[in-house]
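Enquirer: Starting off with a structure, shown below.
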Amino acid sequence: MTDFRGLLTALVDGGVEFILVGGAAATAHGSTRLTQDVDVVYSRTQANLARLTTALAPYQPYLRGAPRGLPFSWDEQTLRRGLNFTLTTTLGDIDVLGEIVGGGGFDDLRPHAIELTLFGVPVLCLGLEKLIEVKRAAGRPKDLEAIAELEEIADADEDS
Amino acid sequence: MRARSRFPHDPVVQAYKAGVDRTSIRRNLRLTPEERMLQLVELQRFAEALRRAGRKARRGE
């Protein structure tokens, strides 16, 4: 079970620059769908890579689904060499993304993010319109049902 | 709810909209984002409890 509070608090307390995207962002906007992990787009600046590695290190990040014993090291160099990481931690699953399809990286998404208070901490969350846009761009069949609900939320929100 | 959406028409998405639980959406929109996340945590606990119960049942416990 993913500890949403623990993961988001660890990132915020660690000063990590990130934007919440994916299912948890959809929940924050009003989605009724159950999501199992945290998806974040992180800033790729040198300082932020250091903050991100430090923030998650206590929770032993490892490649989700990969066999144990691989030479995976959670450090700045690994983050610099890679981009998107699907991780499991002792707090649960987290996708740490340098870029997302249809949305780009942190700097591209920042103008479309809104600040929300979640679990008592300020979190940048991708805005609803952009969230729908990136889910459309991803083109995954499993997202189509989620898009339908998000569009209904956006339309209902506009009417209220 | 609006009769027409401002989003581009997609027949598959449109078909899924027929199954969207608008009552739950309206209820969620009355909550704060924080309350929605807390609700997700509760839902996640409930789902986990169901999974555990299912595993036990399959093992005949």
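Residues are referred to by chain and number: the chain letter is A, B, ... according to the order shown in the structure tokens, the number counts from 1 in that chain, and ligands are numbered separately from 1 in the order shown.
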Quick check: residues of chain B within 8 Å of chain A, only C-alpha atoms, returned as a list in words.
Expert: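 Taken together, these residues fit the definition: Met1, Arg2, Ser5, Arg6, Phe7, Val12, Val13, Gln14, Tyr16, Lys17, Val20, Arg22, Ser24, Ile25, Arg26, Asn28, Leu29, Pro33, Glu34, Arg36, Met37, Leu38, Leu40, Val41, Leu43, Gln44, Arg45 and Glu48 of chain B.
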Enquirer: Using only N, CA and C atoms, please write the residues we just selected to a file, as a PDB file, in the first residue's frame.
Expert:
ATOM      1  N   MET B   1     -24.943  19.319 -14.603  1.00  0.00           N
ATOM      2  CA  MET B   1     -23.962  19.007 -15.637  1.00  0.00           C
ATOM      3  C   MET B   1     -24.314  19.744 -16.936  1.00  0.00           C
ATOM      4  N   ARG B   2     -23.292  20.092 -17.672  1.00  0.00           N
ATOM      5  CA  ARG B   2     -23.510  20.738 -18.961  1.00  0.00           C
ATOM      6  C   ARG B   2     -23.951  19.691 -19.975  1.00  0.00           C
ATOM      7  N   SER B   5     -19.906  19.352 -23.805  1.00  0.00           N
ATOM      8  CA  SER B   5     -18.592  19.549 -23.229  1.00  0.00           C
ATOM      9  C   SER B   5     -17.779  20.481 -24.127  1.00  0.00           C
ATOM     10  N   ARG B   6     -16.862  21.221 -23.510  1.00  0.00           N
ATOM     11  CA  ARG B   6     -15.990  22.098 -24.305  1.00  0.00           C
ATOM     12  C   ARG B   6     -14.781  21.351 -24.847  1.00  0.00           C
ATOM     13  N   PHE B   7     -14.655  20.068 -24.497  1.00  0.00           N
ATOM     14  CA  PHE B   7     -13.493  19.292 -24.929  1.00  0.00           C
ATOM     15  C   PHE B   7     -13.737  18.678 -26.310  1.00  0.00           C
ATOM     16  N   VAL B  12     -14.795   7.407 -28.169  1.00  0.00           N
ATOM     17  CA  VAL B  12     -14.520   6.429 -27.110  1.00  0.00           C
ATOM     18  C   VAL B  12     -14.693   7.091 -25.740  1.00  0.00           C
ATOM     19  N   VAL B  13     -14.108   8.277 -25.599  1.00  0.00           N
ATOM     20  CA  VAL B  13     -14.251   9.011 -24.330  1.00  0.00           C
ATOM     21  C   VAL B  13     -15.729   9.289 -24.075  1.00  0.00           C
ATOM     22  N   GLN B  14     -16.427   9.663 -25.153  1.00  0.00           N
ATOM     23  CA  GLN B  14     -17.854   9.959 -25.029  1.00  0.00           C
ATOM     24  C   GLN B  14     -18.616   8.735 -24.522  1.00  0.00           C
ATOM     25  N   TYR B  16     -17.445   6.337 -22.679  1.00  0.00           N
ATOM     26  CA  TYR B  16     -17.124   6.139 -21.259  1.00  0.00           C
ATOM     27  C   TYR B  16     -17.888   7.118 -20.363  1.00  0.00           C
ATOM     28  N   LYS B  17     -18.199   8.299 -20.897  1.00  0.00           N
ATOM     29  CA  LYS B  17     -18.890   9.298 -20.069  1.00  0.00           C
ATOM     30  C   LYS B  17     -20.256   8.812 -19.589  1.00  0.00           C
ATOM     31  N   VAL B  20     -19.846   7.428 -16.158  1.00  0.00           N
ATOM     32  CA  VAL B  20     -19.233   8.236 -15.099  1.00  0.00           C
ATOM     33  C   VAL B  20     -20.236   8.479 -13.972  1.00  0.00           C
ATOM     34  N   ARG B  22     -21.642  10.673 -11.748  1.00  0.00           N
ATOM     35  CA  ARG B  22     -21.698  12.129 -11.549  1.00  0.00           C
ATOM     36  C   ARG B  22     -22.058  12.513 -10.120  1.00  0.00           C
ATOM     37  N   SER B  24     -20.972  10.980  -7.437  1.00  0.00           N
ATOM     38  CA  SER B  24     -19.709  10.958  -6.683  1.00  0.00           C
ATOM     39  C   SER B  24     -18.837  12.157  -7.038  1.00  0.00           C
ATOM     40  N   ILE B  25     -18.855  12.543  -8.298  1.00  0.00           N
ATOM     41  CA  ILE B  25     -18.065  13.715  -8.705  1.00  0.00           C
ATOM     42  C   ILE B  25     -18.567  14.957  -7.970  1.00  0.00           C
ATOM     43  N   ARG B  26     -19.874  15.144  -7.976  1.00  0.00           N
ATOM     44  CA  ARG B  26     -20.433  16.328  -7.304  1.00  0.00           C
ATOM     45  C   ARG B  26     -20.066  16.327  -5.824  1.00  0.00           C
ATOM     46  N   ASN B  28     -17.449  14.860  -4.471  1.00  0.00           N
ATOM     47  CA  ASN B  28     -16.008  15.143  -4.358  1.00  0.00           C
ATOM     48  C   ASN B  28     -15.702  16.620  -4.549  1.00  0.00           C
ATOM     49  N   LEU B  29     -16.427  17.255  -5.449  1.00  0.00           N
ATOM     50  CA  LEU B  29     -16.142  18.667  -5.722  1.00  0.00           C
ATOM     51  C   LEU B  29     -16.527  19.566  -4.543  1.00  0.00           C
ATOM     52  N   PRO B  33      -9.214  19.707  -1.807  1.00  0.00           N
ATOM     53  CA  PRO B  33      -8.233  18.743  -2.326  1.00  0.00           C
ATOM     54  C   PRO B  33      -7.649  17.878  -1.218  1.00  0.00           C
ATOM     55  N   GLU B  34      -7.409  18.470  -0.068  1.00  0.00           N
ATOM     56  CA  GLU B  34      -6.865  17.721   1.075  1.00  0.00           C
ATOM     57  C   GLU B  34      -7.835  16.601   1.486  1.00  0.00           C
ATOM     58  N   ARG B  36     -10.041  15.226  -0.365  1.00  0.00           N
ATOM     59  CA  ARG B  36     -10.095  14.214  -1.435  1.00  0.00           C
ATOM     60  C   ARG B  36      -8.935  13.231  -1.293  1.00  0.00           C
ATOM     61  N   MET B  37      -7.757  13.739  -0.932  1.00  0.00           N
ATOM     62  CA  MET B  37      -6.605  12.843  -0.757  1.00  0.00           C
ATOM     63  C   MET B  37      -6.812  11.923   0.445  1.00  0.00           C
ATOM     64  N   LEU B  38      -7.365  12.467   1.522  1.00  0.00           N
ATOM     65  CA  LEU B  38      -7.621  11.639   2.708  1.00  0.00           C
ATOM     66  C   LEU B  38      -8.634  10.541   2.371  1.00  0.00           C
ATOM     67  N   LEU B  40      -8.951   9.213  -0.559  1.00  0.00           N
ATOM     68  CA  LEU B  40      -8.200   8.230  -1.356  1.00  0.00           C
ATOM     69  C   LEU B  40      -7.463   7.255  -0.441  1.00  0.00           C
ATOM     70  N   VAL B  41      -6.868   7.779   0.620  1.00  0.00           N
ATOM     71  CA  VAL B  41      -6.134   6.928   1.561  1.00  0.00           C
ATOM     72  C   VAL B  41      -7.094   5.918   2.202  1.00  0.00           C
ATOM     73  N   LEU B  43      -9.923   4.852   0.937  1.00  0.00           N
ATOM     74  CA  LEU B  43     -10.339   3.923  -0.119  1.00  0.00           C
ATOM     75  C   LEU B  43      -9.254   2.872  -0.364  1.00  0.00           C
ATOM     76  N   GLN B  44      -8.013   3.332  -0.320  1.00  0.00           N
ATOM     77  CA  GLN B  44      -6.876   2.434  -0.521  1.00  0.00           C
ATOM     78  C   GLN B  44      -6.821   1.397   0.607  1.00  0.00           C
ATOM     79  N   ARG B  45      -7.060   1.858   1.850  1.00  0.00           N
ATOM     80  CA  ARG B  45      -7.072   0.915   2.994  1.00  0.00           C
ATOM     81  C   ARG B  45      -8.181  -0.117   2.824  1.00  0.00           C
ATOM     82  N   GLU B  48      -7.275  -2.626   0.207  1.00  0.00           N
ATOM     83  CA  GLU B  48      -6.265  -3.546   0.723  1.00  0.00           C
ATOM     84  C   GLU B  48      -6.902  -4.584   1.650  1.00  0.00           C
TER      85      GLU B  48
END
Enquirer: May I have all residues of chain B that DSSP, computed from the backbone, assigns to alpha helix (DSSP H), given as JSON, numbers by chain?
Expert: {"B": [11, 12, 13, 14, 15, 16, 17, 22, 23, 24, 25, 26, 27, 28, 29, 33, 34, 35, 36, 37, 38, 39, 40, 41, 42, 43, 44, 45, 46, 47, 48, 49, 50, 51, 52, 53, 54, 55, 56, 57, 58, 59]}
Enquirer: Could you name the residues that touch Leu7 in chain A at 8 Å or less, counting only C-alpha atoms, but leaving out those on the same chain fewer than 6 positions away, as a list in words?
Expert: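 Surrounding residues, per the criterion: Val38, Leu91, Gly92 and Ile94 of chain A.
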Enquirer: Just write the chosen residues, C-alpha atoms, as a PDB file, in the first residue's frame.
Expert:
ATOM      1  CA  VAL A  38       2.485   8.705  -6.762  1.00  0.00           C
ATOM      2  CA  LEU A  91       6.713   3.991   1.496  1.00  0.00           C
ATOM      3  CA  GLY A  92       5.237   2.474  -1.653  1.00  0.00           C
ATOM      4  CA  ILE A  94       6.464   6.328  -6.953  1.00  0.00           C
TER       5      ILE A  94
END
Enquirer: Please compute the CA of Ile100 in chain A-CA of Gly127 in chain A distance, one decimal, in Å.
Expert: 14.4 Å
Enquirer: For a test of reading the model, state the distance in Å between CA of Thr78 in chain A and CA of Gly104 in chain A, rounded to one decimal.
Expert: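 These atoms are spaced 20.1 Å apart.
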Enquirer: When you draw a straight line from CA of Leu128 in chain A to CA of Glu42 in chain B, how long is it in Å?
Expert: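 Separating CA of Leu128 in chain A from CA of Glu42 in chain B is a distance of 22.9 Å.
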Enquirer: Rank nothing, just name the residue among A:Thr89, A:Arg44, A:Val16, A:Val101 nearest to Arg140 in chain A, using only C-alpha atoms.
Expert: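 Of all the options, A:Val101 lies closest to Arg140 in chain A.
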Enquirer: Applying 9 Å and only C-alpha atoms, which residues near Gly65 in chain A remain after dropping the ones on its own chain fewer than 6 positions away? List them as a ChimeraX atom specification.
Expert: /A:86-88
Enquirer: Those selected residues, please, written with N, CA and C atoms and delivered as a compact mmCIF listing (two decimals), in the first residue's frame.
Expert:
# COMPACT_ATOMS: atom_id res chain seq x y z
N THR A 86 10.51 4.31 -12.60
CA THR A 86 9.37 3.74 -11.88
C THR A 86 9.96 2.98 -10.70
N LEU A 87 9.68 3.48 -9.52
CA LEU A 87 10.37 3.00 -8.32
C LEU A 87 9.42 2.39 -7.31
N THR A 88 9.97 1.48 -6.56
CA THR A 88 9.28 1.03 -5.36
C THR A 88 10.13 1.48 -4.18
